[in-house]
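Undergrad: Take a look at target-v1.pdb, PDB, C-alpha atoms:
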```
ATOM      1  CA  MET A   1      73.868 -28.143  25.961
ATOM      2  CA  THR A   2      72.163 -29.068  22.696
ATOM      3  CA  ALA A   3      73.408 -31.790  20.359
ATOM      4  CA  ILE A   4      74.483 -29.217  17.774
ATOM      5  CA  LEU A   5      76.532 -27.286  20.351
ATOM      6  CA  LEU A   6      78.130 -30.494  21.629
ATOM      7  CA  MET A   7      78.982 -31.435  18.046
ATOM      8  CA  ARG A   8      80.468 -28.005  17.299
ATOM      9  CA  ALA A   9      82.608 -28.200  20.441
ATOM     10  CA  LEU A  10      83.871 -31.674  19.506
ATOM     11  CA  VAL A  11      84.725 -30.542  15.976
ATOM     12  CA  ALA A  12      86.478 -27.412  17.260
ATOM     13  CA  ARG A  13      88.677 -29.230  19.786
ATOM     14  CA  THR A  14      89.713 -32.016  17.397
ATOM     15  CA  ASP A  15      93.065 -31.749  15.609
ATOM     16  CA  TRP A  16      91.756 -33.223  12.363
ATOM     17  CA  SER A  17      95.101 -33.139  10.575
ATOM     18  CA  GLY A  18      96.738 -35.341  13.198
ATOM     19  CA  LEU A  19      94.188 -38.145  13.508
ATOM     20  CA  GLU A  20      95.109 -41.774  13.027
ATOM     21  CA  GLU A  21      92.396 -43.837  11.333
ATOM     22  CA  GLY A  22      91.079 -45.388  14.561
ATOM     23  CA  ASP A  23      90.782 -41.997  16.243
ATOM     24  CA  TYR A  24      89.187 -40.560  13.118
ATOM     25  CA  LEU A  25      86.539 -43.308  13.201
ATOM     26  CA  GLU A  26      85.762 -42.611  16.865
ATOM     27  CA  VAL A  27      85.425 -38.865  16.364
ATOM     28  CA  MET A  28      83.432 -39.133  13.130
ATOM     29  CA  ALA A  29      80.986 -41.575  14.719
ATOM     30  CA  ALA A  30      80.492 -39.262  17.705
ATOM     31  CA  VAL A  31      80.174 -36.169  15.501
ATOM     32  CA  PHE A  32      77.649 -37.763  13.167
ATOM     33  CA  ALA A  33      75.622 -39.231  16.047
ATOM     34  CA  LEU A  34      75.245 -35.720  17.476
ATOM     35  CA  LEU A  35      74.524 -34.159  14.080
ATOM     36  CA  ASN A  36      71.951 -36.830  13.317
ATOM     37  CA  GLN A  37      70.334 -36.307  16.709
ATOM     38  CA  ALA A  38      70.152 -32.538  16.124
ATOM     39  CA  HIS A  39      68.525 -33.115  12.710
ATOM     40  CA  PRO A  40      68.869 -29.410  11.896
ATOM     41  CA  PHE A  41      66.908 -29.328   8.628
ATOM     42  CA  ARG A  42      63.301 -30.110   7.808
ATOM     43  CA  GLU A  43      64.344 -31.777   4.547
ATOM     44  CA  GLY A  44      67.651 -33.023   3.180
ATOM     45  CA  ASN A  45      69.387 -33.911   6.445
ATOM     46  CA  GLY A  46      71.045 -36.974   4.927
ATOM     47  CA  ARG A  47      72.439 -35.132   1.920
ATOM     48  CA  ALA A  48      73.507 -32.088   3.933
ATOM     49  CA  SER A  49      75.081 -34.267   6.634
ATOM     50  CA  LYS A  50      77.125 -36.221   4.097
ATOM     51  CA  MET A  51      78.371 -33.002   2.500
ATOM     52  CA  TRP A  52      79.319 -31.655   5.918
ATOM     53  CA  LEU A  53      81.083 -34.910   6.879
ATOM     54  CA  ASP A  54      83.050 -34.693   3.631
ATOM     55  CA  MET A  55      84.189 -31.152   4.475
ATOM     56  CA  VAL A  56      85.226 -32.143   8.004
ATOM     57  CA  SER A  57      87.119 -35.167   6.639
ATOM     58  CA  GLU A  58      89.203 -33.110   4.213
ATOM     59  CA  PRO A  59      91.921 -31.953   6.664
ATOM     60  CA  ALA A  60      92.144 -35.436   8.185
ATOM     61  CA  GLY A  61      93.275 -36.909   4.864
ATOM     62  CA  TYR A  62      90.321 -39.264   4.518
ATOM     63  CA  TYR A  63      87.179 -39.446   2.467
ATOM     64  CA  LEU A  64      83.983 -41.437   2.899
ATOM     65  CA  ASP A  65      82.894 -43.875   0.181
ATOM     66  CA  TYR A  66      79.139 -43.834   0.744
ATOM     67  CA  ALA A  67      78.543 -46.213  -2.178
ATOM     68  CA  VAL A  68      79.797 -49.099  -0.019
ATOM     69  CA  VAL A  69      76.590 -49.076   2.056
ATOM     70  CA  SER A  70      73.002 -49.005   0.859
ATOM     71  CA  PRO A  71      70.726 -46.086   1.730
ATOM     72  CA  GLY A  72      68.675 -48.490   3.855
ATOM     73  CA  GLU A  73      71.702 -49.596   5.870
ATOM     74  CA  TRP A  74      72.811 -45.969   6.290
ATOM     75  CA  ASN A  75      69.355 -44.995   7.568
ATOM     76  CA  ARG A  76      69.034 -48.013   9.899
ATOM     77  CA  THR A  77      72.466 -47.418  11.392
ATOM     78  CA  SER A  78      71.786 -43.705  11.755
ATOM     79  CA  GLY A  79      68.551 -44.521  13.559
ATOM     80  CA  ALA A  80      70.301 -47.013  15.833
ATOM     81  CA  SER A  81      72.682 -44.268  16.966
ATOM     82  CA  GLY A  82      69.867 -42.234  18.490
ATOM     83  CA  PRO A  83      69.433 -41.892  22.228
ATOM     84  CA  ASP A  84      67.333 -44.352  24.181
ATOM     85  CA  TYR A  85      63.803 -43.256  25.022
ATOM     86  CA  GLY A  86      63.915 -40.620  27.751
ATOM     87  CA  GLU A  87      67.675 -40.149  27.373
ATOM     88  CA  TYR A  88      69.712 -37.474  25.601
ATOM     89  CA  GLU A  89      73.062 -39.065  24.770
ATOM     90  CA  PRO A  90      73.261 -40.703  21.333
ATOM     91  CA  HIS A  91      75.032 -44.041  20.778
ATOM     92  CA  PRO A  92      77.812 -43.661  18.180
ATOM     93  CA  GLU A  93      78.941 -47.311  18.404
ATOM     94  CA  PRO A  94      76.875 -48.593  15.439
ATOM     95  CA  LEU A  95      78.193 -45.713  13.342
ATOM     96  CA  ARG A  96      81.812 -46.558  14.109
ATOM     97  CA  GLU A  97      81.422 -49.958  12.458
ATOM     98  CA  LEU A  98      79.714 -48.399   9.449
ATOM     99  CA  PHE A  99      82.393 -45.707   9.115
ATOM    100  CA  SER A 100      85.112 -48.374   9.384
ATOM    101  CA  ARG A 101      83.784 -49.824   6.130
ATOM    102  CA  ILE A 102      83.451 -46.569   4.197
ATOM    103  CA  VAL A 103      86.511 -44.564   5.257
ATOM    104  CA  ARG A 104      89.310 -44.341   2.705
ATOM    105  CA  GLU A 105      92.662 -42.591   2.790
ATOM    106  CA  LYS A 106      92.919 -39.824   0.261
ATOM    107  CA  PRO A 107      95.366 -40.653  -2.524
TER     108      PRO A 107
END
```
Output the file's structure in the form of structure tokens.
TA:
Amino acid sequence: MTAILLMRALVARTDWSGLEEGDYLEVMAAVFALLNQAHPFREGNGRASKMWLDMVSEPAGYYLDYAVVSPGEWNRTSGASGPDYGEYEPHPEPLRELFSRIVREKP
């Protein structure tokens, strides 16, 4: 199964409105790791991915404050989540720490 199909399945089976913050961080890190691995666009993956993450976050009652991290840190962490050479599974762990710093509860 491709990364994009795995991501879609994870999004579909997640009850976004019932997620506690810790669970939200786990799911968002896994979702973004798969989306980043799929890299579905030739240009604008970062911008499109952030917009998509914002839409997915809406029913969970959270938003992501991207201004907390620099573009360089975002890109390095995104790169670190990629699969090891010759492997397919991404590593969402670095993203979980990053998301823990940028997630905010909606007022």
Undergrad: Could you state the separation of CA of His91 in chain A and CA of Ala30 in chain A in Å, given to one decimal place?
TA: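 Result for CA of His91 in chain A versus CA of Ala30 in chain A: 7.9 Å, one decimal.
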Undergrad: I'd like to see the residues matched by the PyMOL selection byres ((chain A and resi 24) around 10) on this file, and ideally I'd get them as an NGL selection string.
TA: :A and (14-23 or 25-30 or 57 or 60-62 or 96 or 99-100 or 103)
Undergrad: Using all atoms listed in the file, can you list as a ChimeraX atom specification the residues within 9 Å of (83.4, -42.4, 3.9)?
TA: /A:50,53-54,57,62-68,98-104
Undergrad: Which residue, A:Val69, A:Ala33, A:Ala80, A:Val56, has the smallest gap to Val11 in chain A when you use only C-alpha atoms?
TA: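 Smallest distance to Val11 in chain A is found for A:Val56.
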Undergrad: Every residue with an atom at most 10 Å from (72.2, -44.1, 5.9) (file coordinates; all atoms listed in the file) is what I'm after, so could you write them as an MDAnalysis selection string?
TA: chainID A and resid 46:47 50 66 69:79 95 98
Undergrad: For the residues in the current selection, export C-alpha atoms as a PDB file, keeping the file's coordinate frame.
TA:
```pdb
ATOM      1  CA  GLY A  46      71.045 -36.974   4.927  1.00  0.00           C
ATOM      2  CA  ARG A  47      72.439 -35.132   1.920  1.00  0.00           C
ATOM      3  CA  LYS A  50      77.125 -36.221   4.097  1.00  0.00           C
ATOM      4  CA  TYR A  66      79.139 -43.834   0.744  1.00  0.00           C
ATOM      5  CA  VAL A  69      76.590 -49.076   2.056  1.00  0.00           C
ATOM      6  CA  SER A  70      73.002 -49.005   0.859  1.00  0.00           C
ATOM      7  CA  PRO A  71      70.726 -46.086   1.730  1.00  0.00           C
ATOM      8  CA  GLY A  72      68.675 -48.490   3.855  1.00  0.00           C
ATOM      9  CA  GLU A  73      71.702 -49.596   5.870  1.00  0.00           C
ATOM     10  CA  TRP A  74      72.811 -45.969   6.290  1.00  0.00           C
ATOM     11  CA  ASN A  75      69.355 -44.995   7.568  1.00  0.00           C
ATOM     12  CA  ARG A  76      69.034 -48.013   9.899  1.00  0.00           C
ATOM     13  CA  THR A  77      72.466 -47.418  11.392  1.00  0.00           C
ATOM     14  CA  SER A  78      71.786 -43.705  11.755  1.00  0.00           C
ATOM     15  CA  GLY A  79      68.551 -44.521  13.559  1.00  0.00           C
ATOM     16  CA  LEU A  95      78.193 -45.713  13.342  1.00  0.00           C
ATOM     17  CA  LEU A  98      79.714 -48.399   9.449  1.00  0.00           C
TER      18      LEU A  98
END
```
Undergrad: Please compute the CA of Glu93 in chain A-CA of Pro107 in chain A distance, one decimal, in Å.
TA: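 Spanning CA of Glu93 in chain A to CA of Pro107 in chain A is a straight-line distance of 27.4 Å.
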Undergrad: Using only C-alpha atoms, which of the listed residues (A:Asn45, A:Ala38, A:Trp52, A:Phe32) sits closest to Pro94 in chain A?
TA: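 Of the candidates, the smallest distance to Pro94 in chain A is held by A:Phe32.
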Undergrad: So that I can check the surroundings of Ser49 in chain A, please list as a PDB file with C-alpha atoms, in the coordinates of the input every protein, DNA and RNA residue that reaches within 10 Å of it, counting all atoms listed in the file and ignoring chain neighbours fewer than 5 positions away.
TA:
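Saved file around19.pdb follows:
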```pdb
ATOM      1  CA  PHE A  32      77.649 -37.763  13.167  1.00  0.00           C
ATOM      2  CA  LEU A  35      74.524 -34.159  14.080  1.00  0.00           C
ATOM      3  CA  ASN A  36      71.951 -36.830  13.317  1.00  0.00           C
ATOM      4  CA  HIS A  39      68.525 -33.115  12.710  1.00  0.00           C
ATOM      5  CA  PRO A  40      68.869 -29.410  11.896  1.00  0.00           C
ATOM      6  CA  PHE A  41      66.908 -29.328   8.628  1.00  0.00           C
ATOM      7  CA  GLY A  44      67.651 -33.023   3.180  1.00  0.00           C
ATOM      8  CA  ASP A  54      83.050 -34.693   3.631  1.00  0.00           C
ATOM      9  CA  MET A  55      84.189 -31.152   4.475  1.00  0.00           C
TER      10      MET A  55
END
```
Undergrad: For the file shown, what are the residues hit by the PyMOL selection byres ((chain A and resi 83-89) around 9), laid out as a PDB file with C-alpha atoms, in the coordinates of the input?
TA:
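Final output, saved to part.pdb:
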```pdb
ATOM      1  CA  ALA A   3      73.408 -31.790  20.359  1.00  0.00           C
ATOM      2  CA  LEU A  34      75.245 -35.720  17.476  1.00  0.00           C
ATOM      3  CA  GLN A  37      70.334 -36.307  16.709  1.00  0.00           C
ATOM      4  CA  ALA A  80      70.301 -47.013  15.833  1.00  0.00           C
ATOM      5  CA  SER A  81      72.682 -44.268  16.966  1.00  0.00           C
ATOM      6  CA  GLY A  82      69.867 -42.234  18.490  1.00  0.00           C
ATOM      7  CA  PRO A  90      73.261 -40.703  21.333  1.00  0.00           C
ATOM      8  CA  HIS A  91      75.032 -44.041  20.778  1.00  0.00           C
TER       9      HIS A  91
END
```
Undergrad: Please return the centre and edge lengths, in Å to one decimal, of a box with edges along x, y and z that contains all listed atoms of range 67-74 of chain A, widened by 4 Å on every side, as lines of an AutoDock Vina configuration file.
TA:
```
center_x = 74.2
center_y = -47.8
center_z = 2.1
size_x = 19.1
size_y = 11.6
size_z = 16.5
```
Undergrad: Could you state the separation of CA of Glu58 in chain A and CA of Val31 in chain A in Å, given to one decimal place?
TA: 14.8 Å
